[in-house]
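Q: Got a structure for you, questions after.
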Amino acid sequence: MDALTSSERSAAGPGPAGPGPAADAAGVAARDSYGRLLALLAASTSDLAAAEDALADAFEQALRTWPSAGVPGNPDAWLLTVARNRLRDHWKSARVQRASPLDAGQDELVHVDDVDVGAIPDRRLELMLVCAHPAIERGVRTPLMLNTVLGCTAEQVGRAFSVPASTMATRLVRAKKRIKAARIPFRIPDREDLAARMAAVLEAVYGAYVIDWATTGPQARPLPSEALHLAEVLTALVPADPEAHGLAALVQLSSARAPARTDARGRFVALADQDPSRWNPHLINLAHEHLRAAHARGQLGRFQIEAAIQAVHCARRQGGGTDWPTLLTLHRLLHAVAPSLGSGVALAAVTAEVDGPAAGLATLDALLEGAGPHARRFQPARATRAHLLDQLGRSEEAVAAYESAIALTHDTAERQYLQHRRDRSRESCRDG
Amino acid sequence: MRYALLMHYREPGEGEISEEAVAEAQEAFGAYGRALESAGVLLSADVLQPTAATTTVTRREGVLRVQDGPFAETKEALAGVFVLDVPDLDAAISWAEKCPGAQWGVIEVRPTATAFVNGEWTR
């Protein structure tokens, strides 16, 4: 995955507030409470757009009045009350316009009024389930979550998804209209549906961290703090879900290694050659807490296994080598639980570490034979194949394999690394 | 091998796309162009003016016909052309996947038949 620059990091920060102390208070409230308040305001009607408008008005009023009147003791309750009044006005005017005495708004009003602002319930899990609902197009689920749960703007989300803000805004508006029109409910699904629905939520949260390119493999999305935040929010909402903890640990461990992915001169550093002292110990510790919480549930899943794999790599920080046999077990497990081209290629690479490059190559070639033509243009498969041929001393084939891997490598640092390896194989050809 | 990545998408009306959106798209295409250039695969990149500015030229019927406008009316129009020099179709597809235009349109990947390089048509 790509290292992320500090400018990308700072550009991605959420928060609608401007400068000043009251603005700071509003900014903190925005970051911590935005999704909470939005979920609550939208839960009874599934009307996210109206809830957003009401909440935006409330924040605006806070910025106007807090500097002179002081920050209220419970900013959330204050914001909720103001937003709730705005929503009530909105429903009233809608009712007047339609002049219908049996408007659905009447019921909805009661729900919001019932809320005890002193003990604001958390409906963000319901909100996340709505964002990742099967009726919502897969590609917009992650943007919708970032936008509604964290309050990221369409511009921030658009930047991370490489689309103009207006295009992203249109997609978000369309999805919200669909949620309202189809009345996708803010509720926890029944037991039999819950597992599949939660899997979609986890996948959408993971999507905030990774872009899964079909040709060049997974790449970190330029939105790291938001991905970490979203994963943390999810574990807080479902503390008993081991996969939520596994996902949080995975994102933290991958982020922890990001600084070591390139050296001081910007050159690509393969995982095995990375300097563990450049990994972020704080994130690694946080991840281990999540892994412990996950393992206590005794129910294995894809994200926990992926996190465990990362944890084994990160254990190199404590000194000593890499525990390849454990990694092999974990990769076999992962490829059985959640088989993908990526998991298969990784399994082949680890097989080579334990059973030798010939065994690794056999595993890889068997995988590629069984996969479709898309496997041919999967960069990690090509690069791994080149490394294995190189290790086997089949230098001529390695050179050709490196060439084909290089053609599929878009990352400059990684391409230079592969070119360097190719040149070395070429020298071996001459020497041999 | 030379491949043309032909971007097709619906032509926006005048003023339909805000200046900010244009600036953002330019930024995305800028990053994409630099990625292609640093990979050493970019031969040329042209984003085209709208079809309203097109002139179609043919001598198909034996005489010169110059038509004001595009050849055929379609909903999605050719919007830009990247010409890449990459070893094979897989590499061309991998770059097409990352093209910003793929986010809102369709990228046609077509090998070029011949190109005029250094004073002659080559393959």
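In the structure tokens, chains take letters A, B, ... by order of appearance, with residues numbered from 1 within each chain and ligands from 1 in the order shown.
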Which residues of chain B sit at most 6 Å from chain A, using only C-alpha atoms? Give each one's shortest atom pair and distance in Å (one decimal place), in chain and ascending residue order, as a Markdown table.
A:
```
| residue | atom | partner | partner_atom | distance |
| --- | --- | --- | --- | --- |
| B:Ala21 | CA | A:Pro164 | CA | 5.1 |
| B:Glu24 | CA | A:Pro164 | CA | 5.3 |
| B:Ala25 | CA | A:Pro164 | CA | 5.7 |
| B:Asp90 | CA | A:Arg377 | CA | 5.2 |
| B:Ala91 | CA | A:Leu408 | CA | 5.1 |
| B:Ser94 | CA | A:Thr215 | CA | 5.3 |
```
Q: Could you pull the residues within 7 Å of Ala204 in chain A, counting only C-alpha atoms, minus those fewer than 5 positions along the same chain, as a ChimeraX atom specification?
A: /A:132,141-142
Q: Any chance you can output those residues with N, CA and C atoms as a PDB file, in the first residue's frame?
A:
```
ATOM      1  N   ALA A 132     -24.993   0.923   4.215  1.00  0.00           N
ATOM      2  CA  ALA A 132     -24.503  -0.298   3.560  1.00  0.00           C
ATOM      3  C   ALA A 132     -25.656  -1.241   3.239  1.00  0.00           C
ATOM      4  N   ARG A 141     -21.622   3.271  -0.924  1.00  0.00           N
ATOM      5  CA  ARG A 141     -21.808   2.970   0.500  1.00  0.00           C
ATOM      6  C   ARG A 141     -20.742   3.631   1.376  1.00  0.00           C
ATOM      7  N   THR A 142     -19.484   3.477   0.984  1.00  0.00           N
ATOM      8  CA  THR A 142     -18.412   4.079   1.780  1.00  0.00           C
ATOM      9  C   THR A 142     -18.505   5.605   1.771  1.00  0.00           C
TER      10      THR A 142
END
```
Q: For the helix (DSSP H, G or I) assignment from backbone DSSP, which residues of chain B qualify? Please present them as a PyMOL selection string.
A: chain B and resi 19-38+51-53+89-98+100-103
Q: How about saving the chosen residues, C-alpha atoms kept, as a compact mmCIF listing (two decimals), in the first residue's frame?
A:
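Dumped everything to selection-v5.txt:
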```txt
# COMPACT_ATOMS: atom_id res chain seq x y z
CA GLU B 19 -15.67 25.86 -12.27
CA GLU B 20 -14.70 24.03 -9.08
CA ALA B 21 -15.66 20.69 -10.58
CA VAL B 22 -13.66 21.50 -13.69
CA ALA B 23 -10.70 22.43 -11.51
CA GLU B 24 -11.00 19.17 -9.59
CA ALA B 25 -11.22 17.11 -12.73
CA GLN B 26 -8.17 18.95 -14.04
CA GLU B 27 -6.37 18.08 -10.82
CA ALA B 28 -7.30 14.40 -11.17
CA PHE B 29 -6.22 14.35 -14.81
CA GLY B 30 -3.05 16.18 -13.83
CA ALA B 31 -2.16 13.45 -11.34
CA TYR B 32 -3.05 10.78 -13.87
CA GLY B 33 -0.95 12.43 -16.57
CA ARG B 34 2.03 12.69 -14.24
CA ALA B 35 1.64 9.02 -13.26
CA LEU B 36 1.62 8.01 -16.94
CA GLU B 37 4.58 10.24 -17.67
CA SER B 38 6.66 9.00 -14.76
CA THR B 51 -18.45 18.01 -30.49
CA ALA B 52 -19.95 21.42 -31.34
CA ALA B 53 -16.41 22.42 -32.34
CA LEU B 89 -3.34 -5.08 -23.62
CA ASP B 90 -3.19 -6.02 -19.93
CA ALA B 91 -0.95 -3.07 -19.18
CA ALA B 92 -3.22 -0.79 -21.23
CA ILE B 93 -6.27 -2.01 -19.31
CA SER B 94 -4.52 -1.46 -16.00
CA TRP B 95 -3.94 2.18 -16.94
CA ALA B 96 -7.49 2.57 -18.24
CA GLU B 97 -8.78 1.41 -14.85
CA LYS B 98 -7.05 4.38 -13.21
CA PRO B 100 -10.32 9.65 -14.03
CA GLY B 101 -12.76 9.49 -16.97
CA ALA B 102 -13.55 5.87 -16.03
CA GLN B 103 -15.22 7.24 -12.89
```
Q: Can you tell me, as a list in words, what residues are no more than 6 Å from Gly35 in chain A when counting only C-alpha atoms, ignoring any on the same chain fewer than 4 positions away?
A: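 Selected residues are Ala39, Thr148, Val149 and Leu150 of chain A.
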Q: If you count only C-alpha atoms, which residues fall within 10 Å of Tyr206 in chain A, apart from same-chain ones fewer than 3 positions away, as an MDAnalysis selection string?
A: chainID A and resid 142 200:203 209:211 227:228 230:231 247:248 250:251 303
Q: Keeping C-alpha atoms, export the residues of the selection given above as a PDB file, in the first residue's frame.
A:
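What ended up in out-v3.pdb:
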```
ATOM      1  CA  THR A 142     -18.412   4.079   1.780  1.00  0.00           C
ATOM      2  CA  ALA A 200     -21.651  -5.181   4.235  1.00  0.00           C
ATOM      3  CA  VAL A 201     -21.035  -2.558   6.925  1.00  0.00           C
ATOM      4  CA  LEU A 202     -17.530  -3.918   7.572  1.00  0.00           C
ATOM      5  CA  GLU A 203     -16.774  -3.961   3.860  1.00  0.00           C
ATOM      6  CA  TYR A 209      -9.093   2.568   3.927  1.00  0.00           C
ATOM      7  CA  VAL A 210      -8.413   0.642   0.751  1.00  0.00           C
ATOM      8  CA  ILE A 211      -9.022   1.071  -2.957  1.00  0.00           C
ATOM      9  CA  ALA A 227     -10.724   5.226   8.002  1.00  0.00           C
ATOM     10  CA  LEU A 228      -9.221   4.749  11.465  1.00  0.00           C
ATOM     11  CA  LEU A 230     -14.762   4.996  11.188  1.00  0.00           C
ATOM     12  CA  ALA A 231     -13.371   1.620  12.287  1.00  0.00           C
ATOM     13  CA  LEU A 247     -11.031  -4.645  10.990  1.00  0.00           C
ATOM     14  CA  ALA A 248      -9.950  -1.862  13.352  1.00  0.00           C
ATOM     15  CA  LEU A 250      -6.103  -4.422  10.447  1.00  0.00           C
ATOM     16  CA  VAL A 251      -6.446  -0.757   9.541  1.00  0.00           C
ATOM     17  CA  PHE A 303     -10.593  -9.316   9.046  1.00  0.00           C
TER      18      PHE A 303
END
```
Q: State, in Å with one decimal place, the distance from CA of Asp46 in chain B to CA of Gly80 in chain B.
A: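 A separation of 5.5 Å between them.
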Q: What lies within 10 Å of Asp212 in chain A using only C-alpha atoms, ignoring chain neighbours under 6 positions off, as number ranges by chain?
A: A: 218-221, 342
Q: Rounded to one decimal in Å, what is the spacing between CA of Ala336 in chain A and CA of Gly301 in chain A?
A: 10.6 Å
Q: Can you tell me which residues surround Gln67 in chain B at a distance of at most 10 Å, considering only C-alpha atoms, apart from same-chain residues fewer than 5 positions away, and format the answer as a ChimeraX atom specification?
A: /B:54-58
Q: Please produce a file of the residues just selected, as a compact mmCIF listing (two decimals), in the first residue's frame, where the atoms kept are C-alpha atoms.
A:
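This is the output file result.txt:
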```txt
# COMPACT_ATOMS: atom_id res chain seq x y z
CA THR B 54 -15.98 19.36 -34.53
CA THR B 55 -15.62 19.37 -38.26
CA THR B 56 -16.00 16.13 -40.12
CA VAL B 57 -14.08 15.60 -43.32
CA THR B 58 -14.69 12.87 -45.87
```
Q: Pick out the closest residue to Glu226 in chain A from this set: A:Leu146, A:Met168, A:Thr153, A:Asp275. Count only C-alpha atoms.
A: A:Leu146
Q: From a DSSP calculation on the backbone, collect every residue of range 12-102 of chain B in strand (DSSP E or B) and output the set as a list in words.
A: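 DSSP-assigned strand (DSSP E or B) residues in range 12-102 of chain B: Leu42, Leu43, Ser44, Ala45, Asp46, Val47, Thr55, Thr56, Val57, Thr58, Arg65, Val66, Gln67, Asp68, Glu76, Ala77, Leu78, Ala79, Gly80, Val81, Phe82, Val83, Leu84 and Asp85 of chain B.
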Q: Write to file, as a tab-separated table (two decimals), in the first residue's frame, the residues of the selection just made, with C-alpha atoms.
A:
```
chain	number	residue	atom	x	y	z
B	42	LEU	CA	2.68	8.35	-22.25
B	43	LEU	CA	3.00	9.35	-25.90
B	44	SER	CA	0.31	11.99	-25.99
B	45	ALA	CA	-2.77	13.11	-24.15
B	46	ASP	CA	-5.45	15.35	-25.56
B	47	VAL	CA	-8.76	16.18	-24.02
B	55	THR	CA	-15.62	19.37	-38.26
B	56	THR	CA	-16.00	16.13	-40.12
B	57	VAL	CA	-14.08	15.60	-43.32
B	58	THR	CA	-14.69	12.87	-45.87
B	65	ARG	CA	-17.30	16.92	-47.95
B	66	VAL	CA	-16.69	18.99	-44.93
B	67	GLN	CA	-19.42	18.61	-42.39
B	68	ASP	CA	-20.00	21.03	-39.58
B	76	GLU	CA	-21.80	9.82	-25.28
B	77	ALA	CA	-19.07	11.47	-27.27
B	78	LEU	CA	-15.36	11.01	-27.65
B	79	ALA	CA	-13.98	13.36	-25.04
B	80	GLY	CA	-10.28	12.71	-24.98
B	81	VAL	CA	-7.46	10.55	-26.22
B	82	PHE	CA	-4.43	9.20	-24.38
B	83	VAL	CA	-1.91	7.43	-26.55
B	84	LEU	CA	0.26	5.05	-24.53
B	85	ASP	CA	3.19	2.87	-25.38
```
Q: Near Arg332 in chain A, counting only C-alpha atoms, which residues have an atom at most 12 Å away, once you skip same-chain residues fewer than 4 positions from it, shown as a ChimeraX atom specification?
A: /A:302,305-306,309,325-328,336-340,343-351,363
Q: Residues of the last selection are to be written out with N, CA and C atoms, as a compact mmCIF listing (two decimals), in the first residue's frame.
A:
```txt
# COMPACT_ATOMS: atom_id res chain seq x y z
N ARG A 302 -12.57 -13.13 8.46
CA ARG A 302 -11.60 -12.62 7.49
C ARG A 302 -10.73 -11.49 8.03
N ILE A 305 -8.25 -12.54 10.70
CA ILE A 305 -7.12 -13.29 10.16
C ILE A 305 -6.14 -12.33 9.48
N GLU A 306 -6.69 -11.40 8.69
CA GLU A 306 -5.82 -10.43 8.02
C GLU A 306 -5.05 -9.60 9.03
N ILE A 309 -2.29 -11.67 10.55
CA ILE A 309 -1.15 -11.74 9.62
C ILE A 309 -0.28 -10.49 9.78
N PRO A 325 6.07 -20.13 9.58
CA PRO A 325 5.08 -21.22 9.70
C PRO A 325 3.71 -20.73 10.19
N THR A 326 3.72 -19.81 11.17
CA THR A 326 2.45 -19.26 11.64
C THR A 326 1.76 -18.48 10.52
N LEU A 327 2.57 -17.71 9.79
CA LEU A 327 2.00 -16.95 8.67
C LEU A 327 1.36 -17.88 7.64
N LEU A 328 2.04 -19.00 7.39
CA LEU A 328 1.50 -19.95 6.40
C LEU A 328 0.13 -20.47 6.85
N ALA A 336 -9.00 -19.94 2.72
CA ALA A 336 -10.16 -20.83 2.83
C ALA A 336 -11.41 -20.05 3.21
N VAL A 337 -11.26 -19.08 4.13
CA VAL A 337 -12.41 -18.33 4.64
C VAL A 337 -12.88 -17.29 3.61
N ALA A 338 -11.93 -16.58 3.01
CA ALA A 338 -12.28 -15.51 2.07
C ALA A 338 -11.35 -15.58 0.86
N PRO A 339 -11.58 -16.56 -0.01
CA PRO A 339 -10.67 -16.72 -1.14
C PRO A 339 -10.78 -15.56 -2.13
N SER A 340 -9.63 -15.06 -2.55
CA SER A 340 -9.59 -14.02 -3.58
C SER A 340 -8.26 -14.19 -4.30
N SER A 343 -5.57 -13.06 -1.91
CA SER A 343 -5.24 -14.00 -0.82
C SER A 343 -4.47 -15.19 -1.37
N GLY A 344 -4.78 -15.62 -2.60
CA GLY A 344 -4.08 -16.73 -3.23
C GLY A 344 -2.63 -16.40 -3.53
N VAL A 345 -2.40 -15.20 -4.05
CA VAL A 345 -1.04 -14.78 -4.37
C VAL A 345 -0.21 -14.67 -3.09
N ALA A 346 -0.83 -14.11 -2.05
CA ALA A 346 -0.12 -13.99 -0.76
C ALA A 346 0.22 -15.37 -0.20
N LEU A 347 -0.72 -16.30 -0.35
CA LEU A 347 -0.48 -17.66 0.14
C LEU A 347 0.71 -18.29 -0.60
N ALA A 348 0.77 -18.08 -1.91
CA ALA A 348 1.89 -18.62 -2.69
C ALA A 348 3.22 -18.04 -2.21
N ALA A 349 3.23 -16.74 -1.94
CA ALA A 349 4.47 -16.08 -1.50
C ALA A 349 4.93 -16.63 -0.16
N VAL A 350 3.99 -16.88 0.76
CA VAL A 350 4.36 -17.39 2.08
C VAL A 350 4.74 -18.87 2.00
N THR A 351 4.05 -19.59 1.13
CA THR A 351 4.42 -21.00 0.91
C THR A 351 5.88 -21.09 0.49
N THR A 363 2.23 -23.40 -6.30
CA THR A 363 0.97 -22.89 -5.75
C THR A 363 0.43 -21.75 -6.60
```
Q: From the set A:Pro224, A:Pro185, A:Gly319, A:Pro143, which residue has the shortest atom-to-atom contact distance to Ala42 in chain A, counting only C-alpha atoms?
A: A:Pro185
Q: Work out how far apart CA of Gly370 in chain A and CA of Ala308 in chain A are and give it in Å to one decimal.
A: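 CA of Gly370 in chain A sits 27.4 Å away from CA of Ala308 in chain A.
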